[in-house]
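Quick look at entry_6.cif (mmCIF, N, CA and C atoms):
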data_structure
loop_
_atom_site.label_atom_id
_atom_site.label_comp_id
_atom_site.auth_asym_id
_atom_site.auth_seq_id
_atom_site.Cartn_x
_atom_site.Cartn_y
_atom_site.Cartn_z
N MET A 542 131.45 88.35 93.87
CA MET A 542 132.21 87.44 94.70
C MET A 542 131.46 87.26 96.03
N LYS A 543 131.33 86.02 96.44
CA LYS A 543 130.60 85.71 97.67
C LYS A 543 131.40 86.13 98.90
N GLN A 544 130.67 86.42 99.98
CA GLN A 544 131.28 86.92 101.21
C GLN A 544 132.31 85.94 101.77
N ASP A 545 132.00 84.63 101.79
CA ASP A 545 132.96 83.69 102.37
C ASP A 545 134.22 83.60 101.51
N HIS A 546 134.11 83.78 100.19
CA HIS A 546 135.30 83.81 99.33
C HIS A 546 136.12 85.06 99.62
N LYS A 547 135.45 86.19 99.82
CA LYS A 547 136.14 87.44 100.16
C LYS A 547 136.90 87.28 101.47
N LEU A 548 136.25 86.67 102.46
CA LEU A 548 136.89 86.47 103.75
C LEU A 548 138.10 85.54 103.64
N ARG A 549 137.98 84.46 102.86
CA ARG A 549 139.11 83.54 102.67
C ARG A 549 140.27 84.25 101.99
N MET A 550 139.95 85.07 100.98
CA MET A 550 140.99 85.79 100.26
C MET A 550 141.69 86.80 101.17
N ALA A 551 140.91 87.52 101.98
CA ALA A 551 141.50 88.48 102.92
C ALA A 551 142.37 87.76 103.94
N PHE A 552 141.89 86.61 104.45
CA PHE A 552 142.67 85.85 105.42
C PHE A 552 143.96 85.33 104.79
N GLN A 553 143.87 84.82 103.58
CA GLN A 553 145.06 84.32 102.89
C GLN A 553 146.07 85.45 102.68
N THR A 554 145.59 86.63 102.31
CA THR A 554 146.47 87.78 102.12
C THR A 554 147.17 88.13 103.43
N MET A 555 146.41 88.19 104.52
CA MET A 555 147.01 88.52 105.81
C MET A 555 147.99 87.43 106.25
N SER A 556 147.70 86.18 105.95
CA SER A 556 148.64 85.09 106.28
C SER A 556 149.94 85.26 105.51
N GLU A 557 149.86 85.61 104.24
CA GLU A 557 151.06 85.84 103.44
C GLU A 557 151.88 87.00 104.00
N ILE A 558 151.20 88.07 104.39
CA ILE A 558 151.88 89.23 104.97
C ILE A 558 152.58 88.82 106.26
N ALA A 559 151.92 88.01 107.10
CA ALA A 559 152.52 87.56 108.36
C ALA A 559 153.78 86.73 108.09
N ILE A 560 153.72 85.84 107.13
CA ILE A 560 154.88 85.01 106.79
C ILE A 560 156.00 85.88 106.25
N ILE A 561 155.66 86.82 105.38
CA ILE A 561 156.66 87.75 104.84
C ILE A 561 157.30 88.53 105.98
N GLY A 562 156.49 88.96 106.96
CA GLY A 562 157.02 89.68 108.11
C GLY A 562 158.03 88.85 108.88
N GLN A 563 157.73 87.57 109.08
CA GLN A 563 158.67 86.69 109.79
C GLN A 563 159.96 86.51 109.00
N LEU A 564 159.82 86.29 107.70
CA LEU A 564 161.01 86.13 106.85
C LEU A 564 161.84 87.41 106.81
N ALA A 565 161.16 88.55 106.72
CA ALA A 565 161.87 89.84 106.68
C ALA A 565 162.58 90.09 108.00
N ASP A 566 161.93 89.79 109.12
CA ASP A 566 162.57 89.98 110.43
C ASP A 566 163.82 89.11 110.54
N ASN A 567 163.74 87.88 110.09
CA ASN A 567 164.89 86.99 110.16
C ASN A 567 166.04 87.51 109.29
N ALA A 568 165.72 87.94 108.07
CA ALA A 568 166.76 88.49 107.19
C ALA A 568 167.35 89.77 107.78
N LEU A 569 166.50 90.62 108.36
CA LEU A 569 166.96 91.85 108.98
C LEU A 569 167.88 91.54 110.16
N ARG A 570 167.47 90.60 111.00
CA ARG A 570 168.27 90.22 112.17
C ARG A 570 169.67 89.77 111.75
N GLN A 571 169.75 89.03 110.66
CA GLN A 571 171.04 88.54 110.17
C GLN A 571 171.89 89.65 109.58
N ALA A 572 171.26 90.67 109.01
CA ALA A 572 171.99 91.74 108.34
C ALA A 572 172.43 92.85 109.30
N LEU A 573 171.70 93.04 110.37
CA LEU A 573 172.01 94.13 111.30
C LEU A 573 173.32 93.88 112.04
N PRO A 574 174.03 94.96 112.37
CA PRO A 574 175.22 94.78 113.21
C PRO A 574 174.79 94.27 114.59
N GLU A 575 175.70 93.65 115.29
CA GLU A 575 175.38 93.05 116.59
C GLU A 575 174.86 94.07 117.59
N THR A 576 175.24 95.32 117.43
CA THR A 576 174.82 96.35 118.39
C THR A 576 173.35 96.74 118.23
N LEU A 577 172.73 96.41 117.09
CA LEU A 577 171.34 96.79 116.86
C LEU A 577 170.43 95.57 116.83
N SER A 578 169.37 95.63 117.64
CA SER A 578 168.31 94.62 117.56
C SER A 578 167.29 95.12 116.53
N ILE A 579 166.36 94.25 116.19
CA ILE A 579 165.28 94.68 115.29
C ILE A 579 164.50 95.82 115.94
N ALA A 580 164.28 95.72 117.25
CA ALA A 580 163.53 96.77 117.95
C ALA A 580 164.28 98.10 117.92
N SER A 581 165.58 98.06 118.18
CA SER A 581 166.33 99.32 118.20
C SER A 581 166.45 99.92 116.79
N PHE A 582 166.64 99.06 115.78
CA PHE A 582 166.65 99.57 114.41
C PHE A 582 165.29 100.17 114.08
N GLY A 583 164.22 99.54 114.54
CA GLY A 583 162.87 100.05 114.29
C GLY A 583 162.68 101.45 114.84
N VAL A 584 163.22 101.69 116.03
CA VAL A 584 163.10 103.03 116.64
C VAL A 584 163.87 104.05 115.81
N LEU A 585 165.11 103.72 115.44
CA LEU A 585 165.89 104.65 114.61
C LEU A 585 165.18 104.91 113.28
N ASN A 586 164.65 103.86 112.70
CA ASN A 586 163.96 104.00 111.42
C ASN A 586 162.68 104.83 111.57
N HIS A 587 162.01 104.68 112.69
CA HIS A 587 160.79 105.45 112.98
C HIS A 587 161.09 106.95 112.95
N PHE A 588 162.16 107.35 113.64
CA PHE A 588 162.52 108.77 113.66
C PHE A 588 162.86 109.26 112.25
N ALA A 589 163.63 108.47 111.52
CA ALA A 589 164.04 108.89 110.18
C ALA A 589 162.86 108.91 109.22
N ARG A 590 162.02 107.88 109.28
CA ARG A 590 160.89 107.76 108.35
C ARG A 590 159.88 108.88 108.55
N LEU A 591 159.60 109.20 109.81
CA LEU A 591 158.59 110.23 110.10
C LEU A 591 159.18 111.62 110.22
N GLY A 592 160.50 111.71 110.37
CA GLY A 592 161.14 113.01 110.48
C GLY A 592 160.74 113.77 111.73
N VAL A 593 160.43 113.06 112.81
CA VAL A 593 160.02 113.72 114.05
C VAL A 593 161.25 114.18 114.81
N ASP A 594 161.10 115.30 115.50
CA ASP A 594 162.22 115.85 116.27
C ASP A 594 162.36 115.12 117.60
N GLY A 595 161.26 114.75 118.21
CA GLY A 595 161.30 114.06 119.49
C GLY A 595 159.94 113.47 119.81
N GLU A 596 159.98 112.37 120.57
CA GLU A 596 158.73 111.73 121.00
C GLU A 596 158.92 111.19 122.41
N SER A 597 157.83 111.05 123.11
CA SER A 597 157.89 110.49 124.45
C SER A 597 158.04 108.97 124.38
N PRO A 598 158.63 108.37 125.39
CA PRO A 598 158.70 106.90 125.42
C PRO A 598 157.32 106.26 125.36
N THR A 599 156.33 106.89 125.97
CA THR A 599 154.97 106.34 125.95
C THR A 599 154.41 106.34 124.54
N LYS A 600 154.62 107.43 123.81
CA LYS A 600 154.13 107.50 122.44
C LYS A 600 154.85 106.48 121.55
N LEU A 601 156.14 106.31 121.77
CA LEU A 601 156.90 105.31 121.02
C LEU A 601 156.39 103.91 121.33
N ALA A 602 156.13 103.63 122.61
CA ALA A 602 155.61 102.31 122.99
C ALA A 602 154.28 102.05 122.30
N ARG A 603 153.42 103.06 122.26
CA ARG A 603 152.14 102.91 121.57
C ARG A 603 152.33 102.66 120.08
N ALA A 604 153.25 103.41 119.47
CA ALA A 604 153.49 103.27 118.03
C ALA A 604 153.99 101.86 117.69
N PHE A 605 154.78 101.28 118.58
CA PHE A 605 155.34 99.94 118.32
C PHE A 605 154.51 98.83 118.96
N GLN A 606 153.46 99.22 119.66
CA GLN A 606 152.56 98.28 120.32
C GLN A 606 153.32 97.34 121.26
N VAL A 607 154.17 97.95 122.08
CA VAL A 607 154.90 97.22 123.12
C VAL A 607 154.64 97.91 124.44
N THR A 608 155.00 97.24 125.53
CA THR A 608 154.83 97.86 126.84
C THR A 608 155.81 99.01 127.00
N LYS A 609 155.49 99.90 127.92
CA LYS A 609 156.40 101.01 128.19
C LYS A 609 157.73 100.48 128.72
N GLY A 610 157.69 99.39 129.49
CA GLY A 610 158.91 98.78 129.99
C GLY A 610 159.80 98.24 128.88
N ALA A 611 159.18 97.59 127.90
CA ALA A 611 159.95 97.07 126.77
C ALA A 611 160.56 98.21 125.97
N MET A 612 159.81 99.29 125.78
CA MET A 612 160.35 100.43 125.05
C MET A 612 161.45 101.10 125.85
N THR A 613 161.28 101.22 127.15
CA THR A 613 162.31 101.81 128.00
C THR A 613 163.61 101.03 127.87
N TYR A 614 163.53 99.72 127.86
CA TYR A 614 164.72 98.86 127.70
C TYR A 614 165.42 99.15 126.37
N THR A 615 164.64 99.19 125.29
CA THR A 615 165.21 99.47 123.97
C THR A 615 165.84 100.85 123.93
N LEU A 616 165.16 101.84 124.50
CA LEU A 616 165.69 103.21 124.51
C LEU A 616 166.96 103.32 125.34
N GLN A 617 167.03 102.58 126.45
CA GLN A 617 168.25 102.60 127.26
C GLN A 617 169.43 102.03 126.48
N GLN A 618 169.18 100.98 125.70
CA GLN A 618 170.24 100.41 124.86
C GLN A 618 170.70 101.43 123.82
N LEU A 619 169.74 102.08 123.18
CA LEU A 619 170.07 103.08 122.16
C LEU A 619 170.80 104.27 122.77
N GLU A 620 170.40 104.68 123.97
CA GLU A 620 171.06 105.80 124.63
C GLU A 620 172.50 105.43 125.01
N ALA A 621 172.71 104.20 125.48
CA ALA A 621 174.06 103.75 125.84
C ALA A 621 174.98 103.74 124.62
N LEU A 622 174.42 103.50 123.45
CA LEU A 622 175.20 103.51 122.21
C LEU A 622 175.40 104.93 121.66
N GLY A 623 174.69 105.89 122.24
CA GLY A 623 174.78 107.28 121.76
C GLY A 623 173.89 107.55 120.56
N TYR A 624 172.91 106.67 120.32
CA TYR A 624 172.04 106.79 119.15
C TYR A 624 170.79 107.62 119.40
N VAL A 625 170.41 107.78 120.67
CA VAL A 625 169.31 108.66 121.04
C VAL A 625 169.71 109.41 122.31
N THR A 626 169.04 110.52 122.54
CA THR A 626 169.14 111.21 123.82
C THR A 626 167.76 111.15 124.47
N ILE A 627 167.76 111.07 125.78
CA ILE A 627 166.51 111.07 126.54
C ILE A 627 166.64 112.21 127.55
N THR A 628 165.79 113.21 127.38
CA THR A 628 165.86 114.39 128.23
C THR A 628 164.49 114.66 128.85
N ASP A 629 164.49 115.53 129.86
CA ASP A 629 163.21 115.96 130.44
C ASP A 629 162.44 116.76 129.42
N ASP A 630 161.14 116.58 129.43
CA ASP A 630 160.26 117.35 128.55
C ASP A 630 160.10 118.75 129.15
N PRO A 631 160.49 119.80 128.41
CA PRO A 631 160.36 121.16 128.97
C PRO A 631 158.92 121.55 129.28
N ALA A 632 157.96 120.91 128.61
CA ALA A 632 156.55 121.23 128.85
C ALA A 632 155.99 120.49 130.06
N ASP A 633 156.65 119.38 130.47
CA ASP A 633 156.16 118.57 131.58
C ASP A 633 157.36 117.88 132.21
N ALA A 634 157.80 118.37 133.35
CA ALA A 634 159.02 117.86 133.99
C ALA A 634 158.93 116.37 134.35
N ARG A 635 157.70 115.84 134.44
CA ARG A 635 157.56 114.42 134.76
C ARG A 635 157.78 113.53 133.54
N ALA A 636 157.71 114.11 132.35
CA ALA A 636 157.80 113.35 131.10
C ALA A 636 159.20 113.44 130.51
N LYS A 637 159.47 112.55 129.59
CA LYS A 637 160.76 112.51 128.89
C LYS A 637 160.52 112.70 127.39
N VAL A 638 161.58 113.15 126.69
CA VAL A 638 161.56 113.30 125.24
C VAL A 638 162.76 112.54 124.69
N VAL A 639 162.50 111.71 123.70
CA VAL A 639 163.55 110.93 123.05
C VAL A 639 163.83 111.58 121.70
N ARG A 640 165.11 111.77 121.41
CA ARG A 640 165.51 112.33 120.11
C ARG A 640 166.63 111.48 119.54
N ILE A 641 166.61 111.30 118.24
CA ILE A 641 167.69 110.59 117.56
C ILE A 641 168.89 111.53 117.45
N THR A 642 170.08 110.99 117.59
CA THR A 642 171.31 111.78 117.47
C THR A 642 171.89 111.61 116.06
N LYS A 643 172.90 112.41 115.77
CA LYS A 643 173.59 112.25 114.48
C LYS A 643 174.20 110.86 114.38
N ALA A 644 174.72 110.35 115.49
CA ALA A 644 175.27 108.98 115.50
C ALA A 644 174.16 107.96 115.22
N GLY A 645 172.96 108.23 115.73
CA GLY A 645 171.82 107.34 115.46
C GLY A 645 171.44 107.35 114.00
N VAL A 646 171.46 108.52 113.39
CA VAL A 646 171.17 108.63 111.95
C VAL A 646 172.23 107.85 111.16
N ARG A 647 173.50 108.01 111.54
CA ARG A 647 174.58 107.28 110.85
C ARG A 647 174.44 105.77 111.06
N ALA A 648 174.06 105.35 112.25
CA ALA A 648 173.89 103.92 112.53
C ALA A 648 172.76 103.34 111.68
N ARG A 649 171.68 104.09 111.54
CA ARG A 649 170.57 103.63 110.68
C ARG A 649 171.03 103.53 109.24
N GLU A 650 171.74 104.54 108.77
CA GLU A 650 172.24 104.52 107.39
C GLU A 650 173.19 103.35 107.16
N ALA A 651 174.05 103.08 108.14
CA ALA A 651 174.99 101.95 108.02
C ALA A 651 174.22 100.63 108.01
N ALA A 652 173.18 100.53 108.82
CA ALA A 652 172.37 99.30 108.83
C ALA A 652 171.68 99.11 107.49
N ILE A 653 171.15 100.19 106.92
CA ILE A 653 170.50 100.09 105.62
C ILE A 653 171.50 99.66 104.56
N ALA A 654 172.73 100.16 104.65
CA ALA A 654 173.76 99.75 103.70
C ALA A 654 174.02 98.25 103.81
N ARG A 655 173.90 97.69 105.01
CA ARG A 655 174.08 96.25 105.19
C ARG A 655 172.89 95.45 104.66
N ILE A 656 171.72 96.08 104.66
CA ILE A 656 170.49 95.43 104.20
C ILE A 656 170.38 95.47 102.67
N ASN A 657 170.93 96.53 102.07
CA ASN A 657 170.76 96.75 100.63
C ASN A 657 171.20 95.60 99.72
N PRO A 658 172.28 94.86 100.02
CA PRO A 658 172.62 93.75 99.13
C PRO A 658 171.49 92.71 99.01
N GLY A 659 170.84 92.42 100.12
CA GLY A 659 169.70 91.49 100.08
C GLY A 659 168.54 92.07 99.29
N MET A 660 168.32 93.37 99.44
CA MET A 660 167.27 94.02 98.67
C MET A 660 167.60 93.99 97.18
N SER A 661 168.86 94.19 96.85
CA SER A 661 169.28 94.15 95.44
C SER A 661 169.06 92.76 94.85
N ARG A 662 169.37 91.72 95.64
CA ARG A 662 169.13 90.35 95.15
C ARG A 662 167.64 90.11 94.92
N MET A 663 166.80 90.65 95.80
CA MET A 663 165.36 90.50 95.64
C MET A 663 164.88 91.22 94.39
N LEU A 664 165.46 92.40 94.11
CA LEU A 664 165.06 93.17 92.93
C LEU A 664 165.48 92.50 91.62
N GLN A 665 166.41 91.56 91.70
CA GLN A 665 166.78 90.80 90.51
C GLN A 665 165.69 89.79 90.15
N VAL A 666 164.88 89.42 91.13
CA VAL A 666 163.81 88.44 90.92
C VAL A 666 162.45 89.12 90.77
N ILE A 667 162.22 90.12 91.60
CA ILE A 667 160.94 90.85 91.58
C ILE A 667 161.23 92.28 91.14
N PRO A 668 160.70 92.69 89.99
CA PRO A 668 160.98 94.04 89.50
C PRO A 668 160.48 95.14 90.46
N ALA A 669 161.18 96.25 90.48
CA ALA A 669 160.81 97.39 91.32
C ALA A 669 159.39 97.85 91.04
N GLU A 670 158.94 97.69 89.81
CA GLU A 670 157.58 98.10 89.44
C GLU A 670 156.53 97.30 90.22
N GLU A 671 156.83 96.04 90.52
CA GLU A 671 155.88 95.24 91.29
C GLU A 671 155.83 95.71 92.74
N PHE A 672 156.98 96.11 93.28
CA PHE A 672 156.98 96.70 94.62
C PHE A 672 156.17 97.99 94.62
N ALA A 673 156.38 98.82 93.61
CA ALA A 673 155.66 100.09 93.50
C ALA A 673 154.16 99.85 93.38
N ALA A 674 153.77 98.82 92.62
CA ALA A 674 152.34 98.51 92.45
C ALA A 674 151.72 98.02 93.76
N ALA A 675 152.49 97.30 94.58
CA ALA A 675 151.96 96.76 95.84
C ALA A 675 151.88 97.81 96.92
N LEU A 676 152.71 98.82 96.86
CA LEU A 676 152.82 99.80 97.93
C LEU A 676 151.52 100.52 98.27
N PRO A 677 150.72 101.00 97.32
CA PRO A 677 149.48 101.68 97.70
C PRO A 677 148.53 100.77 98.51
N PHE A 678 148.40 99.51 98.09
CA PHE A 678 147.54 98.58 98.84
C PHE A 678 148.09 98.36 100.24
N LEU A 679 149.38 98.11 100.36
CA LEU A 679 149.97 97.85 101.68
C LEU A 679 149.89 99.07 102.59
N THR A 680 150.08 100.25 102.02
CA THR A 680 149.96 101.48 102.80
C THR A 680 148.53 101.65 103.30
N ARG A 681 147.57 101.43 102.43
CA ARG A 681 146.15 101.56 102.81
C ARG A 681 145.80 100.54 103.89
N LEU A 682 146.26 99.30 103.73
CA LEU A 682 146.00 98.26 104.72
C LEU A 682 146.58 98.65 106.07
N ARG A 683 147.81 99.16 106.08
CA ARG A 683 148.43 99.60 107.33
C ARG A 683 147.63 100.73 107.96
N GLU A 684 147.20 101.68 107.15
CA GLU A 684 146.43 102.81 107.67
C GLU A 684 145.11 102.35 108.29
N VAL A 685 144.42 101.44 107.62
CA VAL A 685 143.15 100.93 108.13
C VAL A 685 143.37 100.17 109.43
N MET A 686 144.38 99.32 109.45
CA MET A 686 144.67 98.54 110.65
C MET A 686 145.14 99.45 111.78
N ASP A 687 145.95 100.44 111.48
CA ASP A 687 146.44 101.37 112.48
C ASP A 687 145.29 102.14 113.10
N ALA A 688 144.36 102.60 112.28
CA ALA A 688 143.21 103.35 112.78
C ALA A 688 142.31 102.48 113.65
N GLY A 689 142.27 101.19 113.38
CA GLY A 689 141.40 100.29 114.11
C GLY A 689 141.97 99.76 115.41
N ARG A 690 143.22 100.08 115.72
CA ARG A 690 143.84 99.47 116.92
C ARG A 690 143.57 100.25 118.20
N ASP A 691 143.14 101.48 118.10
CA ASP A 691 142.93 102.28 119.33
C ASP A 691 141.54 102.20 119.86
#
Please express the file's structure as structure tokens.
Amino acid sequence: MKQDHKLRMAFQTMSEIAIIGQLADNALRQALPETLSIASFGVLNHFARLGVDGESPTKLARAFQVTKGAMTYTLQQLEALGYVTITDDPADARAKVVRITKAGVRAREAAIARINPGMSRMLQVIPAEEFAAALPFLTRLREVMDAGRD
């Protein structure tokens, strides 16, 4: 396969992923309860997906590739809802540690329950095996892109 064909194919794949991301964000926005934004759901999902006990706002901002100010705003919203706690870091009094609460875990689970009907409709059209087959490629792509951003 020629290099320019490889580049076109890679670009087309990334374009499809970008469009899917926009469509998924729109569907997620419609399914989430009014109290959760996509950003706040993302933070709750981050804690659950990675199983981390606590992270600094700066590390979260880096993980989501947003400014510290934008992350602080999202965390303040989550804290006001009782979904995260923000405490002083015992290792560094100048730093903060964010932790998901039991209410935050329940809110994430409730949001996923609201998302699942749409996922079920999608699985009626696209078999789970196709999702499973795509996952290794998508995971590898994310890992490569994640490693290249710093």
Please return, as a VMD selection string, all residues of chain A that DSSP assigns to helix (DSSP H, G or I) on the basis of the backbone.
chain A and resid 544 to 572 579 to 591 598 to 605 609 to 621 643 to 666 669 to 689
A:Asn567, A:Ser581, A:Ser661, A:Thr554 ranked by distance to A:Leu616, top pick (using only N, CA and C atoms):
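Under the stated criterion, the closest residue is A:Ser581.
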Neighbouring residues of A:Tyr614 were defined as those with any atom within 12 Å, considering only C-alpha atoms; residues of the same chain fewer than 2 positions away were excluded. Please report them as a list in words.
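The contact residues come out as Ser578, Ala580, Ser581, Val584, Pro598, Ala602, Val607, Thr608, Lys609, Gly610, Ala611, Met612, Leu616, Gln617, Gln618, Leu619, Glu620 and Ala621 of chain A.
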Quick one: residues within 6 Å of stretch 640-646 of chain A, all atoms listed in the file counted, chain neighbours fewer than 3 positions away excluded, as a PyMOL selection string?
chain A and resi 594-596+623-627+649-651
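Shortest atom-to-atom contact with A:Ala568 among A:Ala634, A:Ile656, A:Met542, A:Ala589: A:Ile656, counting all atoms listed in the file.
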Answer key for the PyMOL selection byres (((chain A and resi 570 and name CA) around 12) and name CA), residues as a ChimeraX atom specification:
/A:562-569,571-583,652,655-656
Could you pull out the residues in chain A that DSSP calls strand (DSSP E or B) from the backbone, as number ranges by chain?
A: 596, 625-630, 633-641
Would you compute the box with edges along x, y and z of the file around stretch 670-678 of chain A, including every atom the file lists for it and 3 Å extra on each side, and give its centre and edge lengths in Å to one decimal, as lines of an AutoDock Vina configuration file?
center_x = 153.2
center_y = 98.5
center_z = 94.8
size_x = 17.4
size_y = 12.4
size_z = 16.8
Quick one: distance from atom CA of A:Pro668 to atom C of A:His587 in Å, one decimal?
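A separation of 26.8 Å between them.
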For a test of reading the model, state the distance in Å between atom N of A:Val685 and atom N of A:Ala559, rounded to one decimal.
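Separation of atom N of A:Val685 and atom N of A:Ala559: 15.4 Å.
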Could you work out how far atom CA of A:Ala688 lies from atom CA of A:Glu671, giving the answer in Å with one decimal?
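Interatomic distance, atom CA of A:Glu671 to atom CA of A:Ala688: 26.2 Å.
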Of the candidates A:Thr628, A:Gly659, A:Leu585, A:Ala636, which one gets nearest to A:Thr599 if we count only C-alpha atoms?
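Among the listed residues, the smallest separation from A:Thr599 belongs to A:Ala636.
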